[in-house]
>>> print(open('coords_26.tsv').read())   # TSV, C-alpha atoms and all ligand atoms
chain	number	residue	atom	x	y	z
A	245	MET	CA	238.14	50.05	367.46
A	246	GLU	CA	237.89	51.28	363.89
A	247	ARG	CA	240.66	49.67	361.83
A	248	VAL	CA	241.62	50.39	358.24
A	249	LEU	CA	243.36	47.34	356.79
A	250	PRO	CA	246.00	47.67	354.07
A	251	PHE	CA	244.61	44.91	351.84
A	252	ARG	CA	241.68	42.64	351.06
A	253	PHE	CA	241.46	39.44	349.05
A	254	GLU	CA	238.62	38.64	346.67
A	255	PRO	CA	239.06	35.04	345.52
A	256	ALA	CA	236.11	35.17	343.06
A	257	GLN	CA	237.89	38.04	341.25
A	258	LYS	CA	241.32	36.43	341.74
A	259	THR	CA	242.34	39.83	343.06
A	260	PHE	CA	244.36	41.08	346.03
A	261	TRP	CA	243.51	44.74	346.60
A	262	LEU	CA	246.10	47.08	348.11
A	263	LEU	CA	245.12	50.35	349.78
A	264	ASP	CA	247.53	52.91	348.30
A	265	GLN	CA	249.36	54.14	351.42
A	266	ARG	CA	251.28	56.69	349.34
A	267	LYS	CA	248.03	58.63	349.02
A	268	LEU	CA	246.91	58.48	352.68
A	269	PRO	CA	245.54	60.31	354.57
A	270	PHE	CA	244.26	62.47	351.72
A	271	GLU	CA	242.72	59.84	349.44
A	272	GLU	CA	241.65	56.21	349.94
A	273	ILE	CA	242.46	54.54	346.63
A	274	TRP	CA	242.47	50.75	346.18
A	275	ILE	CA	244.78	49.15	343.62
A	276	PRO	CA	243.90	45.70	342.21
A	277	CYS	CA	246.77	43.17	341.98
A	278	ARG	CA	246.29	40.07	339.82
A	279	SER	CA	249.86	38.71	339.71
A	280	ALA	CA	252.89	38.25	341.93
A	281	THR	CA	254.64	40.82	339.76
A	282	ALA	CA	251.94	43.38	340.59
A	283	VAL	CA	252.24	42.67	344.33
A	284	ALA	CA	256.05	42.94	344.16
A	285	GLY	CA	255.63	46.32	342.45
A	286	GLY	CA	253.22	47.41	345.20
A	287	ILE	CA	255.75	46.48	347.89
A	288	ARG	CA	258.67	48.11	346.05
A	289	GLU	CA	256.72	51.32	345.43
A	290	MET	CA	255.43	51.48	349.05
A	291	VAL	CA	251.77	51.08	348.11
A	292	VAL	CA	251.89	48.58	350.97
A	293	ARG	CA	254.60	48.87	353.64
A	294	GLY	CA	255.33	47.83	357.21
A	295	ALA	CA	257.05	44.52	357.95
A	296	PRO	CA	254.08	42.21	358.71
A	297	ALA	CA	251.93	43.72	355.92
A	298	ILE	CA	254.74	43.13	353.43
A	299	GLY	CA	254.89	39.47	354.55
A	300	VAL	CA	251.13	38.88	354.14
A	301	SER	CA	251.15	40.64	350.75
A	302	ALA	CA	254.01	38.48	349.50
A	303	ALA	CA	252.17	35.32	350.60
A	304	TYR	CA	249.11	36.40	348.57
A	305	GLY	CA	251.48	37.30	345.74
A	306	VAL	CA	252.32	33.58	345.53
A	307	VAL	CA	248.58	32.76	345.43
A	308	LEU	CA	248.16	35.24	342.55
A	309	ALA	CA	251.09	33.62	340.72
A	310	HIS	CA	249.00	30.42	340.61
A	311	PHE	CA	245.98	32.32	339.27
A	312	ALA	CA	248.05	34.24	336.70
A	313	GLY	CA	250.01	31.17	335.56
A	314	GLU	CA	253.33	32.81	336.49
A	315	ASP	CA	256.42	30.68	336.97
A	316	LEU	CA	256.61	30.19	340.75
A	317	VAL	CA	260.40	30.25	340.93
A	318	GLN	CA	260.41	33.59	339.13
A	319	ALA	CA	257.47	34.93	341.13
A	320	ASP	CA	259.28	34.05	344.37
A	321	ALA	CA	262.47	35.76	343.14
A	322	ILE	CA	260.62	38.93	342.10
A	323	LEU	CA	258.86	39.13	345.46
A	324	ARG	CA	262.12	38.51	347.38
A	325	ALA	CA	263.80	41.37	345.49
A	326	SER	CA	261.04	43.87	346.30
A	327	ARG	CA	262.50	45.23	349.58
A	328	PRO	CA	265.53	44.03	351.56
A	329	THR	CA	265.21	44.88	355.25
A	330	ALA	CA	261.96	43.50	356.73
A	331	VAL	CA	262.55	39.80	357.38
A	332	ASN	CA	258.79	39.10	357.33
A	333	LEU	CA	258.95	39.12	353.52
A	334	PHE	CA	261.42	36.22	353.52
A	335	TYR	CA	259.69	34.48	356.43
A	336	ALA	CA	256.38	34.44	354.51
A	337	LEU	CA	257.96	33.35	351.22
A	338	ASP	CA	259.88	30.56	352.99
A	339	ARG	CA	256.56	29.32	354.41
A	340	MET	CA	254.89	29.46	350.99
A	341	LYS	CA	257.60	27.44	349.22
A	342	PRO	CA	256.43	23.95	350.30
A	343	CYS	CA	252.93	24.89	348.97
A	344	TRP	CA	254.02	25.77	345.43
A	345	GLY	CA	252.56	22.50	344.10
A	346	SER	CA	248.94	23.47	344.74
A	347	LEU	CA	246.73	26.53	344.67
A	348	GLU	CA	244.66	25.21	347.60
A	349	ALA	CA	247.74	24.67	349.78
A	350	SER	CA	249.10	28.13	348.86
A	351	LEU	CA	245.79	29.78	349.65
A	352	SER	CA	245.47	28.04	352.97
A	353	GLU	CA	249.05	28.98	353.99
A	354	ALA	CA	248.55	32.63	352.96
A	355	ARG	CA	245.34	32.71	355.03
A	356	ALA	CA	247.21	31.16	357.98
A	357	ILE	CA	250.00	33.77	357.76
A	358	TRP	CA	247.43	36.60	357.76
A	359	SER	CA	245.41	35.11	360.59
A	360	GLU	CA	248.57	34.59	362.70
A	361	VAL	CA	249.31	38.31	362.27
A	362	GLU	CA	245.93	39.03	363.89
A	363	THR	CA	246.34	36.65	366.82
A	364	THR	CA	249.97	37.54	367.59
A	365	GLU	CA	249.13	41.25	367.52
A	366	GLN	CA	246.28	40.87	369.98
A	367	ALA	CA	248.80	39.30	372.36
A	368	ILE	CA	251.50	41.92	371.59
A	369	SER	CA	248.96	44.69	372.30
A	370	GLN	CA	248.04	43.18	375.67
A	371	HIS	CA	251.65	42.59	376.77
A	372	GLY	CA	252.83	45.96	375.46
A	373	ALA	CA	250.02	47.90	377.14
A	374	LYS	CA	251.26	46.72	380.54
A	375	VAL	CA	254.65	48.44	380.23
A	376	LEU	CA	253.22	51.78	379.06
A	377	ARG	CA	251.97	54.70	381.09
A	378	GLY	CA	251.41	58.43	380.79
A	379	GLN	CA	252.92	60.00	377.69
A	380	VAL	CA	254.35	57.69	375.05
A	381	LEU	CA	256.47	58.55	372.03
A	382	THR	CA	256.40	56.45	368.85
A	383	HIS	CA	258.15	56.55	365.49
A	384	CYS	CA	257.06	55.55	361.98
A	385	ASN	CA	253.84	53.55	361.59
A	386	THR	CA	253.12	50.26	363.31
A	387	GLY	CA	249.32	50.13	363.31
A	388	PRO	CA	246.87	47.98	361.32
A	389	LEU	CA	248.03	49.67	358.09
A	390	ALA	CA	251.56	48.35	358.66
A	391	THR	CA	250.47	44.83	359.53
A	392	GLY	CA	247.01	43.75	358.38
A	393	GLY	CA	246.15	43.01	362.02
A	394	TYR	CA	245.85	45.18	365.13
A	395	GLY	CA	249.32	46.69	365.02
A	396	THR	CA	252.43	46.02	367.09
A	397	ALA	CA	253.71	49.12	368.94
A	398	LEU	CA	250.61	51.08	367.95
A	399	GLY	CA	248.39	48.16	368.98
A	400	ALA	CA	249.99	48.32	372.44
A	401	ILE	CA	249.51	52.09	372.59
A	402	ILE	CA	245.84	51.88	371.59
A	403	GLU	CA	245.23	49.06	374.09
A	404	GLY	CA	247.15	51.02	376.75
A	405	HIS	CA	244.87	53.98	376.13
A	406	ARG	CA	241.77	51.75	376.31
A	407	GLN	CA	242.98	50.51	379.70
A	408	GLY	CA	243.54	54.08	380.93
A	409	ARG	CA	247.32	53.64	381.18
A	410	VAL	CA	248.33	55.79	378.18
A	411	GLN	CA	247.17	59.39	378.35
A	412	HIS	CA	248.81	60.93	375.32
A	413	VAL	CA	251.00	59.99	372.36
A	414	TRP	CA	253.81	61.98	370.74
A	415	VAL	CA	253.87	61.03	367.05
A	416	ASP	CA	257.23	61.51	365.30
A	417	GLU	CA	256.52	62.72	361.77
A	418	THR	CA	259.22	60.27	360.50
A	419	ARG	CA	261.14	62.10	357.82
A	420	PRO	CA	261.62	61.64	354.96
A	421	TYR	CA	258.64	59.39	354.10
A	422	LEU	CA	256.33	60.83	356.78
A	423	GLN	CA	254.77	57.55	357.91
A	424	GLY	CA	254.15	59.14	361.33
A	425	ALA	CA	252.47	62.30	360.05
A	426	ARG	CA	250.45	60.62	357.32
A	427	LEU	CA	249.65	57.16	358.71
A	428	THR	CA	250.10	57.02	362.50
A	429	ALA	CA	248.29	60.33	362.95
A	430	TYR	CA	245.47	58.99	360.72
A	431	GLU	CA	245.21	55.74	362.71
A	432	LEU	CA	245.31	57.41	366.13
A	433	GLN	CA	242.68	59.90	365.05
A	434	LYS	CA	240.41	57.04	363.96
A	435	ALA	CA	241.12	55.20	367.24
A	436	GLY	CA	240.28	58.32	369.27
A	437	VAL	CA	243.63	58.40	371.13
A	438	PRO	CA	244.86	61.88	372.17
A	439	ALA	CA	248.05	62.53	370.21
A	440	THR	CA	250.29	65.35	369.03
A	441	LEU	CA	252.51	65.42	365.96
A	442	VAL	CA	256.15	66.50	366.38
A	443	THR	CA	259.07	66.64	363.96
A	444	ASP	CA	261.72	64.00	364.63
A	445	ASN	CA	264.24	66.49	366.01
A	446	MET	CA	261.90	67.51	368.88
A	447	ALA	CA	262.19	64.22	370.79
A	448	GLY	CA	265.25	65.30	372.82
A	449	TYR	CA	263.55	68.48	373.96
A	450	LEU	CA	260.38	66.61	374.97
A	451	MET	CA	262.45	64.11	376.96
A	452	SER	CA	264.45	66.86	378.68
A	453	GLN	CA	261.13	68.44	379.70
A	454	LYS	CA	260.00	65.10	381.25
A	455	LYS	CA	257.17	64.82	378.76
A	456	VAL	CA	257.95	61.26	377.63
A	457	ASP	CA	257.40	58.27	379.96
A	458	ALA	CA	258.20	55.54	377.42
A	459	VAL	CA	259.22	55.03	373.80
A	460	ILE	CA	257.70	52.13	371.85
A	461	LEU	CA	258.20	51.42	368.17
A	462	GLY	CA	258.25	48.60	365.62
A	463	THR	CA	260.90	46.33	364.16
A	464	ASP	CA	261.72	45.24	360.64
A	465	ARG	CA	264.30	42.62	361.59
A	466	MET	CA	265.79	41.59	364.92
A	467	ALA	CA	268.96	39.56	365.40
A	468	LEU	CA	269.21	36.86	368.09
A	469	ASN	CA	271.06	39.20	370.47
A	470	GLY	CA	268.21	41.76	370.37
A	471	ASP	CA	269.85	44.28	368.00
A	472	PHE	CA	267.13	45.42	365.61
A	473	ALA	CA	266.56	47.37	362.41
A	474	ASN	CA	263.67	49.80	362.27
A	475	LYS	CA	262.81	53.03	360.49
A	476	ILE	CA	265.65	55.55	360.22
A	477	GLY	CA	265.67	57.65	363.40
A	478	SER	CA	264.91	54.75	365.77
A	479	TYR	CA	268.57	54.51	366.87
A	480	ALA	CA	268.72	58.22	367.71
A	481	LEU	CA	265.59	57.83	369.85
A	482	ALA	CA	267.15	54.88	371.70
A	483	VAL	CA	270.27	56.93	372.51
A	484	LEU	CA	268.15	59.84	373.71
A	485	ALA	CA	265.92	57.56	375.81
A	486	LYS	CA	268.98	55.94	377.45
A	487	HIS	CA	270.44	59.36	378.27
A	488	HIS	CA	267.19	60.46	379.90
A	489	GLY	CA	266.51	57.15	381.70
A	490	ILE	CA	263.31	56.56	379.71
A	491	PRO	CA	262.23	52.95	378.99
A	492	PHE	CA	262.61	52.00	375.32
A	493	TYR	CA	260.71	49.06	373.80
A	494	PRO	CA	260.69	47.53	370.32
A	495	ALA	CA	257.44	45.59	369.73
A	496	LEU	CA	257.34	42.75	367.20
A	497	PRO	CA	255.99	39.33	366.34
A	498	LEU	CA	258.64	36.62	366.78
A	499	SER	CA	258.43	36.14	362.99
A	500	SER	CA	260.40	39.42	362.77
A	501	VAL	CA	263.40	37.74	364.44
A	502	ASP	CA	265.94	36.44	361.95
A	503	PRO	CA	267.35	33.30	363.61
A	504	ARG	CA	270.30	33.26	361.18
A	505	LEU	CA	271.69	36.54	362.54
A	506	HIS	CA	273.63	36.76	365.79
A	507	SER	CA	273.94	40.55	365.76
A	508	GLY	CA	272.49	43.52	363.92
A	509	GLU	CA	275.59	44.26	361.81
A	510	ALA	CA	274.51	41.86	359.06
A	511	ILE	CA	270.99	43.28	358.65
A	512	PRO	CA	270.71	44.66	355.10
A	513	ILE	CA	269.71	48.33	355.17
A	514	GLU	CA	267.60	49.57	352.27
A	515	GLU	CA	268.84	52.74	350.60
A	516	ARG	CA	266.03	54.66	348.95
A	517	SER	CA	265.99	57.46	346.42
A	518	ALA	CA	267.68	60.73	347.46
A	519	GLU	CA	264.72	62.44	345.79
A	520	GLU	CA	262.65	61.56	348.89
A	521	VAL	CA	265.08	63.66	351.00
A	522	VAL	CA	265.35	66.72	348.77
A	523	SER	CA	261.59	67.00	348.28
A	524	VAL	CA	258.45	66.68	350.36
A	525	ARG	CA	255.48	65.22	348.47
A	526	GLY	CA	256.92	66.40	345.18
A	527	ALA	CA	257.85	69.93	346.31
A	528	PRO	CA	261.63	70.63	346.28
A	529	ILE	CA	263.15	71.73	349.62
A	530	ALA	CA	266.83	71.96	348.58
A	531	PRO	CA	268.76	73.52	345.68
A	532	ALA	CA	268.31	71.55	342.44
A	533	GLY	CA	270.92	68.84	342.09
A	534	PHE	CA	272.08	69.01	345.73
A	535	PRO	CA	273.37	65.60	346.90
A	536	ALA	CA	271.33	63.72	349.52
A	537	PHE	CA	271.56	60.35	351.28
A	538	HIS	CA	268.59	58.17	352.22
A	539	PRO	CA	269.16	55.07	354.34
A	540	ALA	CA	265.58	53.93	355.09
A	541	PHE	CA	266.42	52.05	358.32
A	542	ASP	CA	269.00	52.01	361.10
A	543	VAL	CA	270.11	49.43	363.64
A	544	THR	CA	269.62	49.92	367.38
A	545	PRO	CA	271.98	47.88	369.59
A	546	HIS	CA	270.30	45.71	372.22
A	547	THR	CA	272.22	47.54	374.96
A	548	LEU	CA	269.83	50.48	374.51
A	549	VAL	CA	266.69	48.32	374.80
A	550	THR	CA	264.71	48.04	378.05
A	551	GLY	CA	262.47	45.16	376.98
A	552	ILE	CA	261.27	43.43	373.80
A	553	VAL	CA	257.49	43.20	373.47
A	554	THR	CA	256.44	39.97	371.72
A	555	GLU	CA	253.34	37.77	371.53
A	556	LYS	CA	254.94	35.56	374.20
A	557	GLY	CA	255.33	38.43	376.66
A	558	VAL	CA	257.90	41.16	377.31
A	559	LEU	CA	261.46	39.77	377.14
A	560	TYR	CA	264.19	41.22	379.35
A	561	PRO	CA	268.01	40.90	379.27
A	562	PRO	CA	269.94	38.79	378.62
A	563	PHE	CA	268.06	39.03	375.32
A	564	ASP	CA	269.92	36.26	373.49
A	565	GLU	CA	268.74	33.72	376.09
A	566	ALA	CA	265.21	35.15	376.25
A	567	LEU	CA	264.83	35.24	372.45
A	568	ARG	CA	266.18	31.71	372.00
A	569	ARG	CA	263.73	30.46	374.62
A	570	ALA	CA	260.80	32.32	373.03
A	571	LEU	CA	261.71	30.93	369.60
A	572	GLY	CA	262.07	27.40	370.97
A	573	LEU	CA	265.81	27.35	370.06
A	574	ALA	CA	267.14	26.93	373.59
B	601	LIG	O1	259.55	51.76	355.22
B	601	LIG	P1	258.38	51.21	355.96
B	601	LIG	O2	257.23	52.17	356.05
B	601	LIG	O3	257.96	49.84	355.46
B	601	LIG	O4	258.93	51.03	357.44
B	601	LIG	C1	258.08	50.53	358.44
B	601	LIG	C2	258.72	50.45	359.77
B	601	LIG	O5	259.88	50.78	359.94
B	601	LIG	C3	257.91	49.86	360.87
B	601	LIG	O6	258.30	50.40	362.10
B	601	LIG	C4	258.17	48.34	360.90
B	601	LIG	O7	257.96	47.78	359.64
B	601	LIG	C5	257.31	47.66	361.89
B	601	LIG	S1	255.62	47.55	361.33
B	601	LIG	C6	254.73	46.85	362.59
>>> encode(input="coords_26.tsv", output="structure tokens", more="lines below")
Ligand code: MRU
Amino acid sequence: MERVLPFRFEPAQKTFWLLDQRKLPFEEIWIPCRSATAVAGGIREMVVRGAPAIGVSAAYGVVLAHFAGEDLVQADAILRASRPTAVNLFYALDRMKPCWGSLEASLSEARAIWSEVETTEQAISQHGAKVLRGQVLTHCNTGPLATGGYGTALGAIIEGHRQGRVQHVWVDETRPYLQGARLTAYELQKAGVPATLVTDNMAGYLMSQKKVDAVILGTDRMALNGDFANKIGSYALAVLAKHHGIPFYPALPLSSVDPRLHSGEAIPIEERSAEEVVSVRGAPIAPAGFPAFHPAFDVTPHTLVTGIVTEKGVLYPPFDEALRRALGLA
């Protein structure tokens, strides 16, 4: 399968290159980062996005801090402040902390974090493919661009198609940032999977017409009871899927579970600029000065979830027990 990865590391140049996802699918522009500050800027500005990809980038940000002679405490703080919701950022930075004393140790841990993304996503794709069939609906972008590996929900969809289980994908455009239209459509086209773009408000109609057999999407942070934050609009899809009796699956590496949280209420939800709501790619779509609100994520309660697709298999209710077991906490 043809994969476009969101970053590459060139140690001889002391450079971590980010593919500018703000410009996709129209232009493929690579931005060189030579400091943790530059990587933090890239995460904040959505040059790189998607929970696992943010985690890998932050880990390499720490490596760059060594190269650039940045203060590691400050570098860590700048990276932590870049985006609040995806727990993978904090998971990666927590793993990097014991390595601050040496460049070699930091480099080896960053490489390990990236390579674990690849191996866990191969397993997620295999487990996820087994629960999919027919026509599948997905939201936002969860492919290689969002992770640096094979993708979570999109990895499962692509594998499901390879196995002949998935026939067609409905791609939610994912307003207001259009990750579905710009990135998922781009990745599915490259993967050769039959897919159709729809606006987010069409999902209910498609379900009522029996044109959706399963919904699968990603996760930015899951609490121990299975409540999870994902791209704004995920919760509405879960409610619709429940109403129509359609299976609904979040797919995630276990590193996206925050073991400190017992429910989704405490997950911090990023609020982004209202400008992204009142305009589309720079073109205004509302009267000048009109107020707008832009929560970038929402929380889906575990009661709306059919199963949780992880690298250790698909977990079923009661989710708190299943997640604790999978995390080795039980
Ligand atoms: O704001 P984004 O583009 O970083 O949001 C991405 C998502 O919500 C993804 O669904 C999530 O990070 C999972 S990526 C495998």
>>> atom_distance(input="coords_26.tsv", atom1="atom C6 of ligand LIG 601 (chain B)", atom2="atom CA of Glu365 of chain A")
9.3 Å
>>> closest_residue(input="coords_26.tsv", among="A:Gly572, A:Thr259, A:Ala367, A:Pro250", to="Ile273 of chain A", atoms="only C-alpha atoms")
A:Pro250
>>> closest_residue(input="coords_26.tsv", among="A:Pro531, A:Pro539, A:Gly285, A:Gly345", to="ligand LIG 601 (chain B)", atoms="all atoms listed in the file")
A:Pro539
>>> closest_residue(input="coords_26.tsv", among="A:Arg293, A:Arg278, A:His310, A:His405", to="Ala390 of chain A", atoms="all atoms listed in the file")
A:Arg293
>>> residues_near_ligand(input="coords_26.tsv", ligand="ligand LIG 601 (chain B)", cutoff="9 Å", atoms="all atoms listed in the file", output="ChimeraX atom specification")
/A:287,290,292-298,327,329-330,383-391,395-398,421-423,461-465,473-476,478,495-497,500,514,540-541
>>> atom_distance(input="coords_26.tsv", atom1="atom CA of Glu254 of chain A", atom2="atom CA of Pro276 of chain A")
9.9 Å
>>> atom_distance(input="coords_26.tsv", atom1="atom CA of Phe251 of chain A", atom2="atom CA of Thr281 of chain A")
16.2 Å
